[in-house]
Every structure is written in C-alpha cells, then in structure tokens.
>>> print(open('upload.txt').read())   # compact mmCIF, C-alpha atoms
# COMPACT_ATOMS: atom_id res chain seq x y z
CA MET A 1173 -8.81 5.05 30.33
CA LYS A 1174 -12.49 5.66 29.69
CA PHE A 1175 -14.01 6.27 26.25
CA GLY A 1176 -17.43 7.81 25.66
CA VAL A 1177 -19.35 6.98 22.47
CA VAL A 1178 -22.05 9.48 21.49
CA ARG A 1179 -25.31 7.81 20.42
CA PHE A 1180 -27.64 9.88 18.23
CA PRO A 1181 -30.97 8.72 16.83
CA GLY A 1182 -29.79 7.07 13.60
CA SER A 1183 -26.28 6.16 14.75
CA CYS A 1184 -25.47 2.61 13.69
CA ASP A 1185 -21.75 2.09 14.35
CA ASP A 1186 -21.99 3.12 18.00
CA GLY A 1187 -22.07 -0.52 19.13
CA ASP A 1188 -18.94 -1.46 17.21
CA ALA A 1189 -17.18 1.71 18.41
CA LEU A 1190 -17.99 0.77 22.00
CA LEU A 1191 -16.72 -2.81 21.53
CA ALA A 1192 -13.54 -1.57 19.82
CA ALA A 1193 -12.87 0.93 22.63
CA GLU A 1194 -13.45 -1.83 25.21
CA ARG A 1195 -10.53 -3.74 23.71
CA VAL A 1196 -8.18 -1.09 25.03
CA GLY A 1197 -10.07 0.39 27.99
CA GLU A 1198 -13.45 1.13 29.53
CA ALA A 1199 -16.24 2.58 27.42
CA VAL A 1200 -19.65 4.13 28.08
CA MET A 1201 -22.44 5.26 25.78
CA LEU A 1202 -23.30 8.97 25.87
CA TRP A 1203 -26.89 9.87 24.91
CA HIS A 1204 -27.23 12.79 22.46
CA ALA A 1205 -29.84 14.60 24.58
CA ASP A 1206 -27.66 14.61 27.72
CA ARG A 1207 -24.86 17.05 28.42
CA ASP A 1208 -22.84 15.15 30.99
CA LEU A 1209 -19.72 13.53 29.54
CA GLN A 1210 -19.47 11.24 32.61
CA GLY A 1211 -15.79 12.03 33.13
CA VAL A 1212 -14.57 10.27 29.98
CA ASP A 1213 -10.96 10.70 28.80
CA ALA A 1214 -11.84 10.62 25.09
CA VAL A 1215 -14.99 10.97 23.01
CA ILE A 1216 -15.92 8.99 19.90
CA VAL A 1217 -18.56 10.41 17.54
CA PRO A 1218 -19.54 7.26 15.64
CA GLY A 1219 -20.75 6.47 12.15
CA GLY A 1220 -24.31 6.11 10.98
CA PHE A 1221 -27.09 8.44 9.91
CA SER A 1222 -27.58 10.81 12.83
CA TYR A 1223 -31.02 12.47 12.64
CA GLY A 1224 -31.57 10.68 9.35
CA ASP A 1225 -28.88 12.77 7.63
CA TYR A 1226 -31.68 15.28 7.00
CA LEU A 1227 -30.60 18.43 5.14
CA ARG A 1228 -26.92 17.37 5.04
CA PRO A 1229 -25.10 14.61 6.93
CA GLY A 1230 -24.22 15.99 10.37
CA ALA A 1231 -26.11 19.27 9.90
CA ILE A 1232 -28.71 18.61 12.60
CA ALA A 1233 -26.63 16.43 14.93
CA ARG A 1234 -24.22 19.29 15.60
CA PHE A 1235 -26.98 21.06 17.54
CA ALA A 1236 -27.55 18.13 19.94
CA PRO A 1237 -27.05 19.07 23.63
CA MET A 1238 -24.28 16.46 23.90
CA MET A 1239 -22.37 18.21 21.11
CA GLU A 1240 -22.17 21.35 23.26
CA GLY A 1241 -20.45 19.25 25.90
CA VAL A 1242 -18.18 17.69 23.29
CA ALA A 1243 -17.22 21.13 21.87
CA GLU A 1244 -16.33 22.34 25.37
CA PHE A 1245 -14.36 19.15 26.03
CA ALA A 1246 -12.46 19.71 22.75
CA ARG A 1247 -11.75 23.36 23.61
CA ASP A 1248 -10.18 22.15 26.86
CA GLY A 1249 -7.88 19.83 24.90
CA GLY A 1250 -9.86 16.59 25.24
CA LEU A 1251 -9.41 13.96 22.52
CA VAL A 1252 -12.34 13.67 20.10
CA LEU A 1253 -12.45 11.05 17.35
CA GLY A 1254 -15.10 11.32 14.61
CA ILE A 1255 -15.65 8.31 12.36
CA CYS A 1256 -17.55 8.61 9.06
CA ASN A 1257 -20.82 10.31 10.05
CA GLY A 1258 -18.96 11.49 13.16
CA PHE A 1259 -16.40 13.15 10.88
CA GLN A 1260 -19.26 14.87 9.04
CA VAL A 1261 -20.74 16.03 12.36
CA LEU A 1262 -17.39 17.47 13.54
CA CYS A 1263 -16.94 19.34 10.23
CA GLU A 1264 -20.47 20.76 10.41
CA ALA A 1265 -19.81 21.79 14.02
CA GLY A 1266 -16.71 23.69 12.98
CA LEU A 1267 -14.48 21.51 15.20
CA LEU A 1268 -12.68 20.30 12.06
CA PRO A 1269 -11.90 22.19 8.85
CA GLY A 1270 -13.55 21.35 5.54
CA ALA A 1271 -16.67 19.49 4.46
CA LEU A 1272 -17.70 16.07 3.14
CA LEU A 1273 -19.42 16.02 -0.25
CA PRO A 1274 -21.16 13.25 -2.23
CA ASN A 1275 -18.77 10.66 -3.68
CA VAL A 1276 -17.68 11.49 -7.23
CA SER A 1277 -19.22 8.18 -8.35
CA LEU A 1278 -22.52 9.18 -6.69
CA ARG A 1279 -22.53 5.60 -5.41
CA PHE A 1280 -22.32 4.04 -1.99
CA VAL A 1281 -18.85 2.50 -1.65
CA CYS A 1282 -18.10 -0.37 0.71
CA ARG A 1283 -14.63 -1.83 0.51
CA GLN A 1284 -11.33 -2.38 2.27
CA VAL A 1285 -8.80 0.42 1.59
CA GLU A 1286 -5.13 0.91 2.34
CA LEU A 1287 -4.27 4.07 4.27
CA GLU A 1288 -0.96 5.87 4.60
CA VAL A 1289 -0.22 7.25 8.04
CA MET A 1290 1.20 10.76 7.66
CA SER A 1291 2.23 11.45 11.27
CA GLU A 1292 3.88 9.35 13.93
CA TYR A 1293 3.37 11.97 16.65
CA SER A 1294 -0.38 12.55 16.61
CA PRO A 1295 -2.36 11.35 19.65
CA PHE A 1296 -4.47 9.37 17.15
CA THR A 1297 -1.73 7.62 15.15
CA ARG A 1298 1.30 7.38 17.44
CA ALA A 1299 0.83 3.64 17.98
CA CYS A 1300 0.59 2.88 14.25
CA PRO A 1301 3.51 0.82 12.91
CA LEU A 1302 5.94 3.16 11.11
CA GLY A 1303 5.81 3.14 7.33
CA GLU A 1304 3.18 0.42 7.11
CA PRO A 1305 -0.20 1.08 5.52
CA LEU A 1306 -3.36 0.35 7.50
CA SER A 1307 -6.03 -1.85 5.95
CA ILE A 1308 -9.42 -0.50 7.09
CA PRO A 1309 -12.88 -0.56 5.44
CA VAL A 1310 -14.82 2.44 4.14
CA LYS A 1311 -18.60 2.47 3.67
CA HIS A 1312 -20.22 5.75 2.73
CA THR A 1313 -21.97 7.84 0.08
CA THR A 1314 -20.86 11.28 1.26
CA GLY A 1315 -17.12 10.96 1.84
CA ARG A 1316 -15.44 13.28 -0.65
CA TYR A 1317 -13.35 15.54 1.57
CA TYR A 1318 -12.95 19.13 0.53
CA ALA A 1319 -11.05 21.96 2.22
CA PRO A 1320 -9.86 25.23 0.74
CA ASP A 1321 -6.04 25.18 0.34
CA ARG A 1322 -5.61 27.92 2.90
CA GLY A 1323 -7.95 26.25 5.37
CA LEU A 1324 -5.83 23.17 5.96
CA ALA A 1325 -2.12 22.76 6.70
CA ASP A 1326 -0.36 19.64 5.41
CA THR A 1327 0.48 18.72 8.98
CA GLN A 1328 -3.25 18.37 9.72
CA VAL A 1329 -3.60 15.51 7.24
CA LEU A 1330 -3.08 12.36 9.34
CA LEU A 1331 -4.31 9.74 6.87
CA ARG A 1332 -4.33 9.50 3.08
CA TYR A 1333 -5.72 6.81 0.79
CA ALA A 1334 -2.81 4.89 -0.74
CA PRO A 1335 -2.15 5.74 -4.42
CA GLY A 1336 -4.96 4.44 -6.62
CA GLN A 1337 -7.22 3.65 -3.63
CA ASN A 1338 -9.18 6.90 -3.25
CA PRO A 1339 -12.78 5.60 -3.05
CA ASN A 1340 -14.68 8.89 -3.23
CA GLY A 1341 -12.68 11.58 -5.06
CA SER A 1342 -11.38 13.26 -1.89
CA ASP A 1343 -9.16 16.27 -2.37
CA ARG A 1344 -5.45 15.28 -2.18
CA ASP A 1345 -6.44 11.66 -1.29
CA ILE A 1346 -7.29 12.85 2.21
CA ALA A 1347 -8.87 10.17 4.41
CA GLY A 1348 -8.50 11.82 7.83
CA VAL A 1349 -7.67 15.27 9.24
CA CYS A 1350 -7.14 16.84 12.65
CA ASN A 1351 -7.76 20.37 13.91
CA GLN A 1352 -4.88 22.83 14.35
CA ALA A 1353 -4.46 21.93 18.00
CA GLY A 1354 -4.26 18.24 17.05
CA ASN A 1355 -6.79 16.95 19.62
CA VAL A 1356 -9.80 16.51 17.29
CA PHE A 1357 -9.55 13.94 14.50
CA GLY A 1358 -12.02 12.84 11.85
CA LEU A 1359 -11.74 10.06 9.27
CA MET A 1360 -14.05 8.40 6.76
CA PRO A 1361 -12.66 4.83 7.13
CA HIS A 1362 -13.95 2.74 10.04
CA PRO A 1363 -11.18 1.62 12.43
CA GLU A 1364 -13.86 0.19 14.76
CA HIS A 1365 -14.74 -2.39 12.07
CA ALA A 1366 -11.12 -3.56 11.85
CA VAL A 1367 -10.22 -4.73 15.34
CA ASP A 1368 -10.33 -8.50 14.94
CA PRO A 1369 -8.50 -10.78 12.47
CA LEU A 1370 -11.80 -12.66 12.15
CA THR A 1371 -13.14 -9.83 9.98
CA GLY A 1372 -9.99 -9.55 7.86
CA SER A 1373 -7.87 -6.93 9.60
CA SER A 1374 -7.12 -5.63 13.06
CA ASP A 1375 -5.24 -2.54 11.86
CA GLY A 1376 -7.94 -0.23 13.21
CA LEU A 1377 -6.97 -1.14 16.76
CA ALA A 1378 -3.84 1.05 16.42
CA ILE A 1379 -6.03 4.18 16.42
CA PHE A 1380 -7.63 3.21 19.74
CA GLU A 1381 -4.26 2.18 21.19
CA SER A 1382 -2.80 5.55 20.15
CA ILE A 1383 -5.52 7.38 22.08
CA LYS A 1384 -4.94 5.18 25.12
CA ALA A 1385 -1.17 5.81 25.02
CA HIS A 1386 -1.70 9.56 24.75
CA VAL A 1387 -4.13 9.66 27.67
CA ALA A 1388 -1.78 7.50 29.77
CA ASP A 1389 1.09 9.97 29.11
CA ARG A 1390 -1.07 12.90 30.10
CA VAL A 1391 -2.12 11.27 33.34
CA ALA A 1392 1.53 10.46 34.12
CA VAL A 1393 2.46 14.15 33.72
CA MET B 887 -43.99 35.63 4.97
CA ARG B 888 -43.51 32.72 2.61
CA ALA B 889 -39.90 32.40 1.49
CA ARG B 890 -37.93 30.07 -0.69
CA VAL B 891 -34.26 29.38 -0.20
CA LEU B 892 -32.30 28.00 -3.13
CA VAL B 893 -29.09 26.20 -2.23
CA ARG B 894 -26.57 25.15 -4.86
CA PRO B 895 -22.93 24.01 -4.98
CA LYS B 896 -20.50 26.92 -4.99
CA ALA B 897 -18.75 27.73 -8.24
CA GLY B 898 -15.58 25.65 -8.45
CA ILE B 899 -16.91 22.82 -6.30
CA LEU B 900 -17.19 19.63 -8.33
CA ASP B 901 -20.88 18.79 -8.80
CA PRO B 902 -21.16 15.17 -9.98
CA GLN B 903 -24.97 15.27 -9.76
CA GLY B 904 -25.11 18.20 -12.17
CA GLN B 905 -22.66 16.42 -14.48
CA ALA B 906 -24.73 13.23 -14.46
CA VAL B 907 -27.87 15.17 -15.40
CA GLU B 908 -25.94 17.08 -18.07
CA ARG B 909 -24.82 13.78 -19.62
CA ALA B 910 -28.29 12.23 -19.40
CA LEU B 911 -30.14 14.98 -21.27
CA PRO B 912 -28.43 14.54 -24.68
CA ALA B 913 -29.05 10.80 -24.36
CA LEU B 914 -32.76 11.65 -24.46
CA GLY B 915 -32.31 13.95 -27.45
CA PHE B 916 -32.12 17.22 -25.49
CA ASP B 917 -29.05 18.83 -27.02
CA GLY B 918 -27.64 22.28 -26.32
CA VAL B 919 -27.67 22.00 -22.52
CA ALA B 920 -24.66 23.14 -20.47
CA ASN B 921 -23.65 24.13 -16.92
CA VAL B 922 -26.21 21.97 -15.14
CA HIS B 923 -26.14 22.16 -11.35
CA VAL B 924 -28.33 20.31 -8.89
CA GLY B 925 -29.20 21.95 -5.57
CA ARG B 926 -31.95 22.09 -2.97
CA LEU B 927 -35.13 24.09 -2.54
CA ILE B 928 -36.27 24.93 0.99
CA GLU B 929 -39.67 26.58 1.45
CA LEU B 930 -40.62 28.17 4.74
CA ASP B 931 -42.99 30.61 6.43
CA VAL B 932 -41.05 33.14 8.51
CA ASP B 933 -42.23 35.90 10.83
CA ASP B 934 -39.02 37.89 10.47
CA PRO B 935 -37.46 37.63 7.00
CA ASP B 936 -34.48 39.68 8.19
CA ARG B 937 -33.30 36.57 10.03
CA LEU B 938 -33.24 34.46 6.87
CA PRO B 939 -29.59 35.15 5.95
CA GLU B 940 -28.46 33.97 9.39
CA MET B 941 -30.61 30.83 9.07
CA CYS B 942 -28.99 30.17 5.70
CA GLU B 943 -25.47 30.68 7.05
CA ARG B 944 -25.93 28.57 10.17
CA LEU B 945 -28.11 25.70 9.01
CA LEU B 946 -29.84 25.75 5.65
CA SER B 947 -26.58 25.84 3.69
CA ASN B 948 -22.95 25.01 4.37
CA PRO B 949 -21.27 28.28 3.31
CA LEU B 950 -17.95 26.52 2.77
CA VAL B 951 -19.25 24.53 -0.20
CA GLU B 952 -22.68 25.93 -1.02
CA GLU B 953 -24.21 29.29 -1.91
CA TYR B 954 -27.76 30.31 -1.21
CA GLU B 955 -30.30 32.64 -2.71
CA ILE B 956 -33.34 33.90 -0.83
CA VAL B 957 -36.46 34.31 -2.95
CA GLU B 958 -39.26 36.07 -1.12
CA SER B 959 -42.82 35.60 -2.22
CA GLU B 960 -46.13 37.04 -1.02
>>> encode(input="upload.txt", output="structure tokens")
Amino acid sequence: MKFGVVRFPGSCDDGDALLAAERVGEAVMLWHADRDLQGVDAVIVPGGFSYGDYLRPGAIARFAPMMEGVAEFARDGGLVLGICNGFQVLCEAGLLPGALLPNVSLRFVCRQVELEVMSEYSPFTRACPLGEPLSIPVKHTTGRYYAPDRGLADTQVLLRYAPGQNPNGSDRDIAGVCNQAGNVFGLMPHPEHAVDPLTGSSDGLAIFESIKAHVADRVAV
Amino acid sequence: MRARVLVRPKAGILDPQGQAVERALPALGFDGVANVHVGRLIELDVDDPDRLPEMCERLLSNPLVEEYEIVESE
C-alpha cells in the first residue's frame, strides 16, 4: 500500500499527512508541478494554504499539473482523500460537489470535535468502529460547507459534526462528503493530526486504515 | 481594454461579512442601512473582452456560490 501526498507551495499539513500514512503503509511526497503519480494506490491532498489561498482557497491549486494527474486517477477509480485545504481544492476542481465558505463566526476555529460516521461501507470509513464518534481536531477559517439540496445525496455525506459541535455553520452539520462514485472524499477535520494518543486522540488513524483495507481488497480481487 | 469584475455572494447564500458590516454601521450612528453584502473587485486589462465571461466562470468566481458582474471601462 503506497500513499502519495501532494505538496503545493503553501501546504503545511503535508508532513503530518505523510507521517500518518506511514503508520499504515508506504508514503511518498508528490510535487505539485510534476504529473507522475509514481504508482501510488491512494492520493492525499493535504491541508494548508496552497498558493497562498489567493482569490479563494483552492482556486489556483486546482490548475496545478499534479491535479490533472489526480483528476485522471480519480476518474479511473483511484482513492483520493482531501483534508481541509485539500477538500477545498477538490471542490474547486469539481471532483467533489459543493463549496467551502467562510465560517459563520468569521473567526479561525481550532478545536477538537466529535464526528458521527454515517457509512460503514465507504472505502474511507469502513474501519471506523461502528456507532462510535471520532474525536478529531478542526482548524480553519473557511470551512462552512454548502451544497445545493439537489447536488448532494444523503448517502454522499460520510461524516457529520455531532449535535451541538458544528464549528463553522456547515449546512446539515456536514463535515465530510464523497463524490457519487464514492472514491473521492473530502473533510474539514484533520485525521492526520489524530494518529497518536500523545496528542489526545488516535481516532484519525481509522480513516487511513480504511483506505488500506479497501486497497488490499482490490488487490486481492 | 480595462475591465472590472465584481464578485458577490449569490442571493440566498449566507453572507456573515455583509451581516457584520450591517451591524457595525448603526453602532457608528449610520442608521437606515440594509442588505449589505461584501464581495470582491478584480480589475484587469484584457485583449479580448469576449472571453471575460469564461474567465469569470472558470476562475474569477465560483458560480456555485457567487455571482459576477462585468463592468467595462475605456
């Protein structure tokens, strides 16, 4: 199992994403200006401030050469995980429905939140313990998810903020969504920052383990 | 040609920035202000103004949540 983490100018959670992925498999860094995905089994588009968040978060990064490779990889069914700024990039690129807007509070929020897992079958959540919330941190200013009602099926919502925990005013408490095919997933919380009990929670590891389990199944078939 | 593109939140999209400004004005004694929205102004020189709408759709605005208005000058 080999993960690829896309590094843009301005990415800042790429290092943690790489370390988190290395807990369950191999991981390599993919440079934004390259096109070669180096044969990875899954791609992580990490958090940060790609291209300085100029214009809108993710608006410029979606045109990076590497994103062409990622879009093609996604079209062929490859697993793509977008975290925070990565989620914004995937929405801007049209690989995920909806958009991320400024938090209702207009403030940067940085706190631990509880998340409800809405699907036990998704390649991204299948290893999450059934019926137990995940404790994972958020840290963002532009995390209010919006999608038109018709643009998003309920089955595409994989994570919701637990009641009373919505940190940004997201529509329907949505914390993470996948595309219709189910192989592209974006979330505002940071599972890569919750992989060691030392930092308070290791619940984020379940997301990386889910991806590994899905890839292992596919290889077996 | 010099052009200006005005980008603003679409009607129906919650605009907390506009609301914050709307609340701040009466605090300074400016009453009678309503429907405040905060957007972006993009100024650019373009050779072919016919391509502006496509630029707006693909990059300058996010059509899902924003609307744009092209103001041509000169």
>>> closest_atom_pairs(input="upload.txt", of="chain A", to="chain B", cutoff="9 Å", atoms="all atoms listed in the file", output="tab-separated table")
residue	atom	partner	partner_atom	distance
A:Leu1227	CA	B:Leu946	CA	7.4
A:Arg1228	CA	B:Ser947	CA	8.6
A:Ala1231	CA	B:Leu945	CA	6.8
A:Ile1232	CA	B:Leu945	CA	8.0
A:Glu1264	CA	B:Asn948	CA	7.8
A:Gly1270	CA	B:Leu950	CA	7.3
A:Ala1271	CA	B:Val951	CA	7.3
A:Leu1273	CA	B:Val951	CA	8.5
A:Pro1274	CA	B:Pro902	CA	8.0
A:Asn1275	CA	B:Pro902	CA	8.1
A:Val1276	CA	B:Pro902	CA	5.8
A:Ser1277	CA	B:Pro902	CA	7.4
A:Leu1278	CA	B:Pro902	CA	7.0
A:Tyr1318	CA	B:Val951	CA	8.3
A:Ala1319	CA	B:Leu950	CA	8.3
A:Pro1320	CA	B:Leu950	CA	8.4
>>> residues_near_point(input="upload.txt", point="(-42.3, 28.6, 7.2)", cutoff="9 Å", atoms="all atoms listed in the file", output="JSON, numbers by chain")
{"B": [887, 888, 889, 929, 930, 931, 932, 933]}
>>> closest_residue(input="upload.txt", among="A:Pro1229, A:Arg1179, A:Glu1240, A:Arg1390", to="A:Arg1207", atoms="only C-alpha atoms")
A:Glu1240
>>> atom_distance(input="upload.txt", atom1="atom CA of A:Ser1382", atom2="atom CA of A:Cys1300")
7.3 Å
>>> residues_around(input="upload.txt", residues="A:Met1239", least_positions_apart="3", cutoff="12 Å", atoms="all atoms listed in the file", output="JSON list (two decimals) with C-alpha atoms, in the coordinates of the input")
[["chain", "number", "residue", "atom", "x", "y", "z"],
["A", 1177, "VAL", "CA", -19.35, 6.98, 22.47],
["A", 1178, "VAL", "CA", -22.05, 9.48, 21.49],
["A", 1179, "ARG", "CA", -25.31, 7.81, 20.42],
["A", 1180, "PHE", "CA", -27.64, 9.88, 18.23],
["A", 1202, "LEU", "CA", -23.30, 8.97, 25.87],
["A", 1203, "TRP", "CA", -26.89, 9.87, 24.91],
["A", 1204, "HIS", "CA", -27.23, 12.79, 22.46],
["A", 1205, "ALA", "CA", -29.84, 14.60, 24.58],
["A", 1206, "ASP", "CA", -27.66, 14.61, 27.72],
["A", 1207, "ARG", "CA", -24.86, 17.05, 28.42],
["A", 1208, "ASP", "CA", -22.84, 15.15, 30.99],
["A", 1209, "LEU", "CA", -19.72, 13.53, 29.54],
["A", 1215, "VAL", "CA", -14.99, 10.97, 23.01],
["A", 1216, "ILE", "CA", -15.92, 8.99, 19.90],
["A", 1217, "VAL", "CA", -18.56, 10.41, 17.54],
["A", 1230, "GLY", "CA", -24.22, 15.99, 10.37],
["A", 1231, "ALA", "CA", -26.11, 19.27, 9.90],
["A", 1232, "ILE", "CA", -28.71, 18.61, 12.60],
["A", 1233, "ALA", "CA", -26.63, 16.43, 14.93],
["A", 1234, "ARG", "CA", -24.22, 19.29, 15.60],
["A", 1235, "PHE", "CA", -26.98, 21.06, 17.54],
["A", 1236, "ALA", "CA", -27.55, 18.13, 19.94],
["A", 1242, "VAL", "CA", -18.18, 17.69, 23.29],
["A", 1243, "ALA", "CA", -17.22, 21.13, 21.87],
["A", 1244, "GLU", "CA", -16.33, 22.34, 25.37],
["A", 1245, "PHE", "CA", -14.36, 19.15, 26.03],
["A", 1246, "ALA", "CA", -12.46, 19.71, 22.75],
["A", 1252, "VAL", "CA", -12.34, 13.67, 20.10],
["A", 1254, "GLY", "CA", -15.10, 11.32, 14.61],
["A", 1258, "GLY", "CA", -18.96, 11.49, 13.16],
["A", 1261, "VAL", "CA", -20.74, 16.03, 12.36],
["A", 1262, "LEU", "CA", -17.39, 17.47, 13.54],
["A", 1264, "GLU", "CA", -20.47, 20.76, 10.41],
["A", 1265, "ALA", "CA", -19.81, 21.79, 14.02],
["A", 1266, "GLY", "CA", -16.71, 23.69, 12.98],
["A", 1267, "LEU", "CA", -14.48, 21.51, 15.20]]
>>> decode(input="upload.txt", residues="stretch 896-907 of chain B", atoms="N, CA and C atoms", output="mmCIF file, in the first residue's frame")
data_model
loop_
_atom_site.group_PDB
_atom_site.id
_atom_site.type_symbol
_atom_site.label_atom_id
_atom_site.label_comp_id
_atom_site.auth_asym_id
_atom_site.auth_seq_id
_atom_site.Cartn_x
_atom_site.Cartn_y
_atom_site.Cartn_z
ATOM 1 N N LYS B 896 -23.941 34.889 -3.945
ATOM 2 C CA LYS B 896 -25.244 34.701 -4.591
ATOM 3 C C LYS B 896 -26.377 34.978 -3.611
ATOM 4 N N ALA B 897 -27.492 35.417 -4.139
ATOM 5 C CA ALA B 897 -28.669 35.603 -3.282
ATOM 6 C C ALA B 897 -28.998 34.266 -2.617
ATOM 7 N N GLY B 898 -29.300 34.313 -1.331
ATOM 8 C CA GLY B 898 -29.656 33.080 -0.628
ATOM 9 C C GLY B 898 -28.484 32.411 0.059
ATOM 10 N N ILE B 899 -27.264 32.823 -0.301
ATOM 11 C CA ILE B 899 -26.084 32.288 0.392
ATOM 12 C C ILE B 899 -25.796 33.199 1.584
ATOM 13 N N LEU B 900 -25.707 32.593 2.755
ATOM 14 C CA LEU B 900 -25.460 33.366 3.976
ATOM 15 C C LEU B 900 -24.143 34.154 3.836
ATOM 16 N N ASP B 901 -24.200 35.432 4.127
ATOM 17 C CA ASP B 901 -23.042 36.312 3.964
ATOM 18 C C ASP B 901 -22.708 36.962 5.306
ATOM 19 N N PRO B 902 -21.974 36.251 6.167
ATOM 20 C CA PRO B 902 -21.687 36.782 7.505
ATOM 21 C C PRO B 902 -20.875 38.080 7.485
ATOM 22 N N GLN B 903 -20.039 38.251 6.445
ATOM 23 C CA GLN B 903 -19.275 39.511 6.350
ATOM 24 C C GLN B 903 -20.219 40.692 6.151
ATOM 25 N N GLY B 904 -21.171 40.519 5.228
ATOM 26 C CA GLY B 904 -22.153 41.583 4.989
ATOM 27 C C GLY B 904 -22.946 41.877 6.255
ATOM 28 N N GLN B 905 -23.322 40.812 6.969
ATOM 29 C CA GLN B 905 -24.101 40.994 8.209
ATOM 30 C C GLN B 905 -23.297 41.744 9.267
ATOM 31 N N ALA B 906 -22.000 41.426 9.360
ATOM 32 C CA ALA B 906 -21.154 42.085 10.362
ATOM 33 C C ALA B 906 -21.044 43.580 10.063
ATOM 34 N N VAL B 907 -20.890 43.905 8.771
ATOM 35 C CA VAL B 907 -20.803 45.321 8.381
ATOM 36 C C VAL B 907 -22.143 46.014 8.645
#
